[in-house]
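upload36.cif follows (mmCIF, C-alpha atoms and all ligand atoms):
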```
data_work
loop_
_atom_site.label_atom_id
_atom_site.label_comp_id
_atom_site.auth_asym_id
_atom_site.auth_seq_id
_atom_site.Cartn_x
_atom_site.Cartn_y
_atom_site.Cartn_z
CA MET A 28 -20.11 19.01 -16.31
CA LYS A 29 -19.46 17.10 -13.13
CA ILE A 30 -17.08 18.20 -10.40
CA LEU A 31 -15.82 16.71 -7.17
CA LEU A 32 -14.83 18.55 -3.98
CA THR A 33 -12.74 16.48 -1.57
CA ARG A 34 -14.14 18.60 1.26
CA LYS A 35 -16.85 21.19 1.81
CA ILE A 36 -15.80 24.73 0.92
CA HIS A 37 -17.54 28.05 1.83
CA ASP A 38 -21.30 28.13 1.12
CA PHE A 39 -20.98 31.05 -1.32
CA ALA A 40 -18.42 29.07 -3.31
CA ILE A 41 -20.59 25.95 -3.42
CA LYS A 42 -23.50 28.11 -4.60
CA GLU A 43 -21.35 29.47 -7.43
CA LEU A 44 -20.26 25.99 -8.43
CA LYS A 45 -23.80 24.56 -8.27
CA LYS A 46 -24.98 27.27 -10.69
CA ARG A 47 -22.74 25.71 -13.32
CA TYR A 48 -22.02 22.10 -12.50
CA ASP A 49 -23.26 18.88 -11.05
CA VAL A 50 -21.38 19.07 -7.73
CA GLU A 51 -20.38 16.13 -5.54
CA ILE A 52 -18.87 16.92 -2.13
CA TYR A 53 -17.06 14.35 -0.02
CA THR A 54 -18.10 14.76 3.62
CA GLY A 55 -16.44 11.77 5.26
CA LYS A 56 -13.31 11.51 7.36
CA ILE A 57 -10.45 13.74 6.11
CA PRO A 58 -8.54 13.06 3.91
CA MET A 59 -10.74 11.36 1.34
CA PRO A 60 -9.46 7.76 1.02
CA LYS A 61 -7.47 7.24 -2.18
CA LYS A 62 -9.59 4.28 -3.33
CA LEU A 63 -12.75 6.35 -3.02
CA LEU A 64 -11.12 9.34 -4.71
CA ILE A 65 -10.11 7.12 -7.62
CA SER A 66 -13.63 5.74 -7.99
CA LYS A 67 -15.30 9.16 -7.67
CA ILE A 68 -12.96 10.97 -10.07
CA LYS A 69 -13.80 8.61 -12.95
CA ASP A 70 -16.76 10.58 -14.31
CA LYS A 71 -15.64 14.08 -13.18
CA ASP A 72 -14.53 16.99 -15.34
CA GLY A 73 -13.18 19.08 -12.47
CA LEU A 74 -11.66 18.59 -9.03
CA VAL A 75 -11.30 20.94 -6.03
CA CYS A 76 -8.72 19.60 -3.57
CA TYR A 77 -6.69 20.55 -0.49
CA PRO A 78 -2.98 20.37 0.37
CA TYR A 79 -3.36 17.03 2.17
CA ASP A 80 -5.00 15.27 -0.80
CA ILE A 81 -2.44 13.26 -2.72
CA ILE A 82 -3.34 13.84 -6.35
CA ASP A 83 -0.83 11.44 -7.88
CA ALA A 84 -0.70 9.70 -11.28
CA ASP A 85 -3.16 6.97 -10.10
CA VAL A 86 -5.79 9.57 -9.28
CA ILE A 87 -5.15 11.75 -12.33
CA ASN A 88 -5.16 8.85 -14.75
CA ALA A 89 -8.36 7.46 -13.22
CA GLY A 90 -10.00 10.76 -14.12
CA THR A 91 -10.32 10.01 -17.82
CA LYS A 92 -12.64 13.01 -18.33
CA LEU A 93 -10.68 15.33 -16.01
CA LYS A 94 -9.89 18.78 -17.46
CA ALA A 95 -9.10 20.99 -14.45
CA ILE A 96 -7.77 20.63 -10.92
CA SER A 97 -8.09 23.53 -8.48
CA THR A 98 -6.26 23.32 -5.18
CA TYR A 99 -7.30 25.41 -2.19
CA SER A 100 -3.67 26.25 -1.37
CA VAL A 101 -0.60 28.03 -2.63
CA GLY A 102 1.45 24.84 -2.42
CA TYR A 103 0.86 22.29 -5.16
CA ASP A 104 3.51 19.74 -4.22
CA HIS A 105 0.66 17.25 -3.53
CA ILE A 106 -0.33 17.25 -7.20
CA ASP A 107 1.55 15.36 -9.91
CA VAL A 108 1.61 18.38 -12.21
CA LYS A 109 3.74 16.56 -14.83
CA THR A 110 1.15 13.80 -15.29
CA ALA A 111 -1.67 16.37 -15.32
CA SER A 112 0.08 18.41 -17.97
CA LYS A 113 0.76 15.34 -20.13
CA ARG A 114 -2.97 14.65 -20.02
CA GLY A 115 -3.76 18.30 -20.88
CA ILE A 116 -5.27 18.92 -17.43
CA VAL A 117 -4.76 22.44 -16.07
CA VAL A 118 -3.92 23.01 -12.40
CA GLY A 119 -4.86 26.12 -10.43
CA TYR A 120 -3.61 27.33 -7.03
CA THR A 121 -4.18 30.28 -4.68
CA PRO A 122 -1.05 32.42 -4.21
CA GLU A 123 -0.96 36.15 -3.29
CA VAL A 124 -4.21 36.19 -1.30
CA LEU A 125 -2.53 34.26 1.52
CA THR A 126 0.87 35.97 1.46
CA ARG A 127 0.17 38.49 4.22
CA ALA A 128 -1.59 36.03 6.54
CA THR A 129 1.28 33.54 6.30
CA ALA A 130 3.88 36.27 6.82
CA ASP A 131 1.91 37.50 9.84
CA LEU A 132 1.90 34.02 11.38
CA THR A 133 5.65 33.80 10.81
CA MET A 134 6.12 37.05 12.75
CA ALA A 135 3.76 35.79 15.47
CA LEU A 136 5.89 32.65 15.89
CA MET A 137 9.05 34.76 15.87
CA LEU A 138 7.73 37.12 18.54
CA SER A 139 6.43 34.21 20.60
CA LEU A 140 9.82 32.50 20.51
CA PHE A 141 11.84 35.65 21.23
CA ARG A 142 9.51 36.90 23.97
CA ARG A 143 8.47 33.49 25.35
CA ILE A 144 4.75 34.15 24.98
CA THR A 145 3.47 30.57 25.20
CA GLU A 146 5.89 29.84 28.05
CA GLY A 147 4.69 32.87 30.03
CA ASP A 148 1.08 31.95 29.42
CA LYS A 149 1.71 28.41 30.67
CA LEU A 150 3.65 29.67 33.71
CA ILE A 151 0.67 31.65 34.92
CA ARG A 152 -1.91 28.99 34.11
CA ASP A 153 0.21 26.43 36.02
CA ASN A 154 0.23 28.88 38.94
CA LYS A 155 4.03 29.05 38.92
CA TRP A 156 4.50 32.84 38.72
CA ARG A 157 6.36 33.67 41.93
CA THR A 158 8.54 36.78 41.57
CA VAL A 159 7.58 40.08 39.97
CA PHE A 160 9.61 42.21 37.52
CA GLY A 161 13.22 41.38 38.42
CA PRO A 162 16.38 42.22 36.46
CA TYR A 163 16.75 38.56 35.49
CA GLU A 164 13.11 37.54 35.59
CA PHE A 165 11.68 35.76 32.55
CA LEU A 166 13.93 37.45 30.02
CA GLY A 167 13.45 37.06 26.32
CA THR A 168 15.49 38.44 23.41
CA ASP A 169 15.18 41.64 21.35
CA LEU A 170 14.24 41.35 17.69
CA TYR A 171 15.93 44.72 17.20
CA GLN A 172 19.23 44.36 15.31
CA LYS A 173 19.01 40.57 15.27
CA THR A 174 19.70 38.76 12.00
CA LEU A 175 16.77 37.12 10.28
CA GLY A 176 17.71 34.56 7.63
CA ILE A 177 14.98 33.95 5.07
CA PHE A 178 15.27 30.70 3.14
CA GLY A 179 13.12 31.10 0.01
CA MET A 180 12.55 34.64 -1.14
CA GLY A 181 9.25 34.32 -2.99
CA ARG A 182 6.08 36.27 -2.21
CA ILE A 183 5.86 35.12 1.42
CA GLY A 184 9.59 35.48 2.08
CA LYS A 185 9.42 39.07 0.81
CA ALA A 186 6.36 39.85 2.95
CA VAL A 187 8.24 38.52 6.00
CA ALA A 188 11.23 40.75 5.11
CA GLN A 189 8.92 43.79 4.92
CA ARG A 190 7.49 43.01 8.33
CA ALA A 191 10.89 42.28 9.89
CA GLU A 192 12.18 45.61 8.62
CA GLY A 193 9.58 47.26 10.86
CA PHE A 194 11.22 45.47 13.79
CA GLU A 195 14.61 46.87 12.64
CA MET A 196 16.10 43.46 12.02
CA ASN A 197 19.08 42.76 9.82
CA ILE A 198 17.76 40.61 6.96
CA ILE A 199 19.71 38.11 4.87
CA TYR A 200 18.27 35.56 2.46
CA HIS A 201 19.01 32.53 0.33
CA ASN A 202 17.04 31.62 -2.78
CA ARG A 203 17.43 29.45 -5.87
CA THR A 204 17.88 32.63 -7.88
CA ARG A 205 19.18 35.86 -6.51
CA LEU A 206 16.88 38.90 -6.59
CA SER A 207 17.82 41.90 -8.71
CA LYS A 208 19.98 44.54 -7.02
CA LYS A 209 17.01 46.91 -7.19
CA GLU A 210 14.71 44.42 -5.44
CA GLU A 211 17.35 43.67 -2.78
CA LYS A 212 17.67 47.39 -2.12
CA ARG A 213 13.90 47.90 -1.99
CA LEU A 214 13.53 45.11 0.58
CA GLY A 215 16.74 45.92 2.44
CA VAL A 216 17.98 42.34 2.17
CA ARG A 217 21.39 40.78 1.49
CA TYR A 218 21.98 37.53 -0.44
CA VAL A 219 24.12 34.83 1.25
CA SER A 220 24.89 31.15 0.68
CA LEU A 221 22.70 28.53 2.40
CA ASP A 222 25.48 27.67 4.86
CA ASN A 223 26.10 31.31 5.67
CA LEU A 224 22.37 31.84 6.23
CA PHE A 225 22.27 29.09 8.85
CA SER A 226 25.55 29.99 10.54
CA THR A 227 24.95 33.73 10.95
CA SER A 228 21.20 34.07 11.57
CA ASP A 229 19.59 34.57 14.96
CA VAL A 230 16.43 33.17 13.44
CA VAL A 231 16.02 31.21 10.21
CA SER A 232 12.60 31.24 8.59
CA ILE A 233 11.69 28.78 5.83
CA HIS A 234 9.59 30.01 2.91
CA SER A 235 10.74 27.80 0.08
CA PRO A 236 8.36 25.48 -1.77
CA TYR A 237 8.67 21.74 -1.19
CA THR A 238 10.40 20.09 -4.16
CA PRO A 239 12.73 17.08 -4.58
CA GLN A 240 15.59 19.61 -4.21
CA THR A 241 14.32 20.96 -0.86
CA HIS A 242 13.36 17.54 0.59
CA GLU A 243 14.86 17.52 4.13
CA ILE A 244 17.40 20.12 3.03
CA VAL A 245 17.28 21.44 6.60
CA ASN A 246 19.03 18.69 8.52
CA LEU A 247 21.74 18.01 11.08
CA ARG A 248 24.44 19.38 8.77
CA LEU A 249 22.77 22.82 8.89
CA PHE A 250 21.69 22.57 12.55
CA LYS A 251 25.36 22.07 13.43
CA LYS A 252 26.11 25.39 11.78
CA MET A 253 23.42 27.33 13.68
CA LYS A 254 24.13 29.48 16.72
CA LYS A 255 23.04 27.87 20.01
CA THR A 256 20.88 30.95 20.58
CA ALA A 257 19.18 30.77 17.18
CA PHE A 258 15.58 29.81 16.39
CA LEU A 259 14.10 27.99 13.41
CA ILE A 260 10.67 28.81 11.97
CA ASN A 261 8.79 26.82 9.34
CA THR A 262 5.47 27.94 7.85
CA SER A 263 6.15 26.33 4.46
CA ARG A 264 6.14 22.52 4.26
CA GLY A 265 7.14 19.97 6.90
CA LYS A 266 9.14 17.75 4.56
CA ILE A 267 11.73 20.50 4.07
CA ILE A 268 13.02 19.66 7.57
CA ASN A 269 14.47 16.32 8.66
CA GLU A 270 12.40 16.04 11.84
CA LYS A 271 14.57 13.36 13.48
CA ASP A 272 17.53 15.72 13.12
CA LEU A 273 15.47 18.60 14.46
CA VAL A 274 14.67 16.63 17.61
CA ILE A 275 18.39 15.93 18.08
CA ALA A 276 19.19 19.62 17.61
CA LEU A 277 16.52 20.66 20.11
CA GLU A 278 17.31 17.99 22.71
CA ARG A 279 21.04 18.68 22.58
CA LYS A 280 20.35 22.45 22.71
CA MET A 281 22.23 22.92 19.44
CA ILE A 282 19.57 25.57 18.71
CA ALA A 283 17.41 27.63 21.08
CA GLY A 284 14.04 26.52 19.74
CA ALA A 285 11.63 26.28 16.86
CA GLY A 286 8.27 27.65 15.75
CA LEU A 287 6.51 25.15 13.49
CA ASP A 288 3.25 25.44 11.59
CA VAL A 289 3.89 22.46 9.30
CA PHE A 290 5.06 18.89 9.83
CA GLN A 291 6.07 15.82 7.87
CA LYS A 292 2.84 14.10 8.93
CA GLU A 293 -0.22 16.22 9.61
CA PRO A 294 -1.99 16.27 12.00
CA ILE A 295 1.13 15.69 14.12
CA ASP A 296 0.56 13.42 17.13
CA ALA A 297 0.80 15.03 20.57
CA ASN A 298 3.24 12.24 21.49
CA ASN A 299 5.60 13.10 18.65
CA PRO A 300 9.01 13.96 20.16
CA ILE A 301 8.86 17.38 18.46
CA VAL A 302 5.75 18.31 20.41
CA LYS A 303 7.37 17.08 23.64
CA GLN A 304 10.15 19.69 23.42
CA ASP A 305 9.79 22.71 25.75
CA ASN A 306 11.59 24.96 23.31
CA VAL A 307 9.09 24.47 20.50
CA ILE A 308 5.92 26.33 19.58
CA VAL A 309 3.55 24.38 17.35
CA MET A 310 0.57 25.48 15.26
CA PRO A 311 -1.87 23.32 13.26
CA HIS A 312 -0.90 24.34 9.67
CA SER A 313 -2.57 27.74 10.00
CA GLY A 314 -0.46 30.08 7.86
CA SER A 315 -3.42 31.13 5.73
CA ALA A 316 -6.05 30.48 8.39
CA THR A 317 -7.80 33.82 8.76
CA VAL A 318 -11.46 34.44 7.98
CA GLU A 319 -10.59 36.96 5.26
CA THR A 320 -7.84 34.92 3.62
CA ARG A 321 -9.64 31.59 3.55
CA ARG A 322 -12.63 33.32 1.92
CA LYS A 323 -10.39 34.85 -0.75
CA MET A 324 -8.81 31.44 -1.33
CA ALA A 325 -12.28 30.00 -1.95
CA GLU A 326 -13.03 32.79 -4.45
CA ILE A 327 -9.81 32.07 -6.34
CA ALA A 328 -10.28 28.30 -6.19
CA VAL A 329 -13.74 28.69 -7.79
CA LYS A 330 -12.52 31.19 -10.41
CA ASN A 331 -9.63 28.91 -11.31
CA LEU A 332 -11.90 25.90 -11.78
CA VAL A 333 -14.52 27.80 -13.78
CA SER A 334 -11.87 29.27 -16.11
CA GLY A 335 -10.06 25.96 -16.46
CA LEU A 336 -13.25 24.08 -17.34
CA ALA A 337 -14.22 26.79 -19.83
CA GLY A 338 -10.87 26.42 -21.54
CA ARG A 339 -9.71 29.87 -20.42
CA LYS A 340 -6.50 30.65 -18.58
CA MET A 341 -6.96 30.33 -14.83
CA VAL A 342 -6.41 33.34 -12.52
CA TYR A 343 -3.46 31.47 -11.02
CA GLN A 344 -2.46 28.54 -13.19
CA VAL A 345 0.53 26.36 -12.40
CA LYS A 346 3.14 26.78 -15.12
CA THR A 347 4.18 23.55 -16.79
C1 LIG B 1 -0.89 26.54 1.36
O1 LIG B 1 -1.83 27.19 0.88
O2 LIG B 1 -0.18 25.82 0.68
C2 LIG B 1 -0.66 26.71 2.81
O3 LIG B 1 0.25 25.80 3.29
C3 LIG B 1 -1.95 26.66 3.56
O4 LIG B 1 -1.78 27.32 4.79
#
```

Please re-express this file's structure in structure tokens.
Amino acid sequence: MKILLTRKIHDFAIKELKKRYDVEIYTGKIPMPKKLLISKIKDKDGLVCYPYDIIDADVINAGTKLKAISTYSVGYDHIDVKTASKRGIVVGYTPEVLTRATADLTMALMLSLFRRITEGDKLIRDNKWRTVFGPYEFLGTDLYQKTLGIFGMGRIGKAVAQRAEGFEMNIIYHNRTRLSKKEEKRLGVRYVSLDNLFSTSDVVSIHSPYTPQTHEIVNLRLFKKMKKTAFLINTSRGKIINEKDLVIALERKMIAGAGLDVFQKEPIDANNPIVKQDNVIVMPHSGSATVETRRKMAEIAVKNLVSGLAGRKMVYQVKT
């Protein structure tokens, strides 16, 4: 069988794949151009892709021999799963292994915003540190007893709640479906409406998947409800936030700041008005970017593809 990788993966994973298949790896400029992807997919049985590859109906239907798609990500909003399923193509993804790493990055952004870590670092590097240890000098905010609002209570949302509990935060959440009473008690979380989440939280953290329903669901309407002292964190998908509205909210100080790991267009340009805001911390889509996690993702991506091509159920197969 022939497979295509839209980018090089770990050496051990390539070795595993080469034991079984005729492997073609795209090594050009990222992302692989659509025209090229369409021409290369034509004779392939399997595909390994990344969250920035748009695997739409054109690509899927060009792959007339395609049987399995394995994405190196938990998100699969870049894949037209409906078209794949109609064609009998299975789709695999990599949840669970990246839950902790993404939750950790969320806490890192939260701590950085509350305690002004990047600002302090810049202050010293710019040689602007003048006065030492005063009662009003460079004050941040306690996490203790502050309200964290989690939007999207899946695996990552729950892992963030567990971590925030260690910081003795008050945790509320909003999700498509409410958790069981038992689960709410176990996590120490309280269910609220979306509006309530935004109006009462000291920090809102987004952990919902990107779907047509969540497209720019976080917009001016919700920013207007937020406390002026509140922060927004997004380690999920950029398109969940209306970025023009976010810039308005930040410029007009409707909110205190934001910690963003994901953007509508990635890589985001340094001249983008979001990046120009002082009250924003930005990261280059790194939720799962740890040595350990990215290796585990490669293991799962390979296992998914091998199972899918063998006609077995994948370790993590997208439900259709
Ligand atoms: C994913 O796997 O979907 C994440 O966004 C990668 O960090």

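With all atoms listed in the file as the atoms that count, the residue of A:Ile301, A:Val75, A:Ile106, A:Val329 with the shortest distance to Lys46 in chain A is A:Val329.
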
### Message
Report, in Å with one decimal, the straight-line distance from CA of Thr174 in chain A to CA of Lys271 in chain A.
### Response
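Computing the Euclidean distance for CA of Thr174 in chain A and CA of Lys271 in chain A yields 26.0 Å.
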
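If all atoms listed in the file are the atoms counted, then among A:Val124, A:Leu247, A:Leu138, A:Leu64 the closest residue to ligand LIG 1 (chain B) is A:Val124.
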
Write out as a PDB file with C-alpha atoms, in the frame of the given file the residues lying within 12 Å of range 91-95 of chain A, counting only C-alpha atoms and excluding same-chain residues fewer than 4 positions away.
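New file result-v2.pdb:
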```pdb
ATOM      1  CA  MET A  28     -20.110  19.010 -16.310  1.00  0.00           C
ATOM      2  CA  LYS A  29     -19.460  17.100 -13.130  1.00  0.00           C
ATOM      3  CA  ILE A  30     -17.080  18.200 -10.400  1.00  0.00           C
ATOM      4  CA  LEU A  31     -15.820  16.710  -7.170  1.00  0.00           C
ATOM      5  CA  ILE A  65     -10.110   7.120  -7.620  1.00  0.00           C
ATOM      6  CA  SER A  66     -13.630   5.740  -7.990  1.00  0.00           C
ATOM      7  CA  LYS A  67     -15.300   9.160  -7.670  1.00  0.00           C
ATOM      8  CA  ILE A  68     -12.960  10.970 -10.070  1.00  0.00           C
ATOM      9  CA  LYS A  69     -13.800   8.610 -12.950  1.00  0.00           C
ATOM     10  CA  ASP A  70     -16.760  10.580 -14.310  1.00  0.00           C
ATOM     11  CA  LYS A  71     -15.640  14.080 -13.180  1.00  0.00           C
ATOM     12  CA  ASP A  72     -14.530  16.990 -15.340  1.00  0.00           C
ATOM     13  CA  GLY A  73     -13.180  19.080 -12.470  1.00  0.00           C
ATOM     14  CA  LEU A  74     -11.660  18.590  -9.030  1.00  0.00           C
ATOM     15  CA  VAL A  75     -11.300  20.940  -6.030  1.00  0.00           C
ATOM     16  CA  CYS A  76      -8.720  19.600  -3.570  1.00  0.00           C
ATOM     17  CA  ALA A  84      -0.700   9.700 -11.280  1.00  0.00           C
ATOM     18  CA  ASP A  85      -3.160   6.970 -10.100  1.00  0.00           C
ATOM     19  CA  VAL A  86      -5.790   9.570  -9.280  1.00  0.00           C
ATOM     20  CA  ILE A  87      -5.150  11.750 -12.330  1.00  0.00           C
ATOM     21  CA  ILE A 106      -0.330  17.250  -7.200  1.00  0.00           C
ATOM     22  CA  VAL A 108       1.610  18.380 -12.210  1.00  0.00           C
ATOM     23  CA  THR A 110       1.150  13.800 -15.290  1.00  0.00           C
ATOM     24  CA  ALA A 111      -1.670  16.370 -15.320  1.00  0.00           C
ATOM     25  CA  SER A 112       0.080  18.410 -17.970  1.00  0.00           C
ATOM     26  CA  LYS A 113       0.760  15.340 -20.130  1.00  0.00           C
ATOM     27  CA  ARG A 114      -2.970  14.650 -20.020  1.00  0.00           C
ATOM     28  CA  GLY A 115      -3.760  18.300 -20.880  1.00  0.00           C
ATOM     29  CA  ILE A 116      -5.270  18.920 -17.430  1.00  0.00           C
ATOM     30  CA  VAL A 117      -4.760  22.440 -16.070  1.00  0.00           C
ATOM     31  CA  VAL A 118      -3.920  23.010 -12.400  1.00  0.00           C
ATOM     32  CA  GLY A 119      -4.860  26.120 -10.430  1.00  0.00           C
ATOM     33  CA  TYR A 120      -3.610  27.330  -7.030  1.00  0.00           C
ATOM     34  CA  ALA A 328     -10.280  28.300  -6.190  1.00  0.00           C
ATOM     35  CA  VAL A 329     -13.740  28.690  -7.790  1.00  0.00           C
ATOM     36  CA  LYS A 330     -12.520  31.190 -10.410  1.00  0.00           C
ATOM     37  CA  ASN A 331      -9.630  28.910 -11.310  1.00  0.00           C
ATOM     38  CA  LEU A 332     -11.900  25.900 -11.780  1.00  0.00           C
ATOM     39  CA  VAL A 333     -14.520  27.800 -13.780  1.00  0.00           C
ATOM     40  CA  SER A 334     -11.870  29.270 -16.110  1.00  0.00           C
ATOM     41  CA  GLY A 335     -10.060  25.960 -16.460  1.00  0.00           C
ATOM     42  CA  LEU A 336     -13.250  24.080 -17.340  1.00  0.00           C
ATOM     43  CA  ALA A 337     -14.220  26.790 -19.830  1.00  0.00           C
ATOM     44  CA  GLY A 338     -10.870  26.420 -21.540  1.00  0.00           C
ATOM     45  CA  ARG A 339      -9.710  29.870 -20.420  1.00  0.00           C
ATOM     46  CA  LYS A 340      -6.500  30.650 -18.580  1.00  0.00           C
ATOM     47  CA  MET A 341      -6.960  30.330 -14.830  1.00  0.00           C
ATOM     48  CA  GLN A 344      -2.460  28.540 -13.190  1.00  0.00           C
ATOM     49  CA  VAL A 345       0.530  26.360 -12.400  1.00  0.00           C
TER      50      VAL A 345
END
```

Counting all atoms listed in the file, which protein, DNA or RNA residues come within 8 Å of ligand LIG 1 (chain B), given as a compact mmCIF listing (two decimals) with C-alpha atoms, in the coordinates of the input?
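For reference, result.txt as written:
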```txt
# COMPACT_ATOMS: atom_id res chain seq x y z
CA PRO A 78 -2.98 20.37 0.37
CA TYR A 99 -7.30 25.41 -2.19
CA SER A 100 -3.67 26.25 -1.37
CA VAL A 101 -0.60 28.03 -2.63
CA GLY A 102 1.45 24.84 -2.42
CA TYR A 103 0.86 22.29 -5.16
CA THR A 121 -4.18 30.28 -4.68
CA PRO A 122 -1.05 32.42 -4.21
CA LEU A 125 -2.53 34.26 1.52
CA THR A 129 1.28 33.54 6.30
CA THR A 262 5.47 27.94 7.85
CA SER A 263 6.15 26.33 4.46
CA ARG A 264 6.14 22.52 4.26
CA VAL A 289 3.89 22.46 9.30
CA HIS A 312 -0.90 24.34 9.67
CA SER A 313 -2.57 27.74 10.00
CA GLY A 314 -0.46 30.08 7.86
CA SER A 315 -3.42 31.13 5.73
CA ALA A 316 -6.05 30.48 8.39
```

### Selected residue, from A:Gly147, A:Pro60, A:Gly167, A:Gly181, that lies nearest to Thr126 in chain A when counting only C-alpha atoms
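Between A:Gly147, A:Pro60, A:Gly167, A:Gly181, the residue approaching Thr126 in chain A most closely is A:Gly181.
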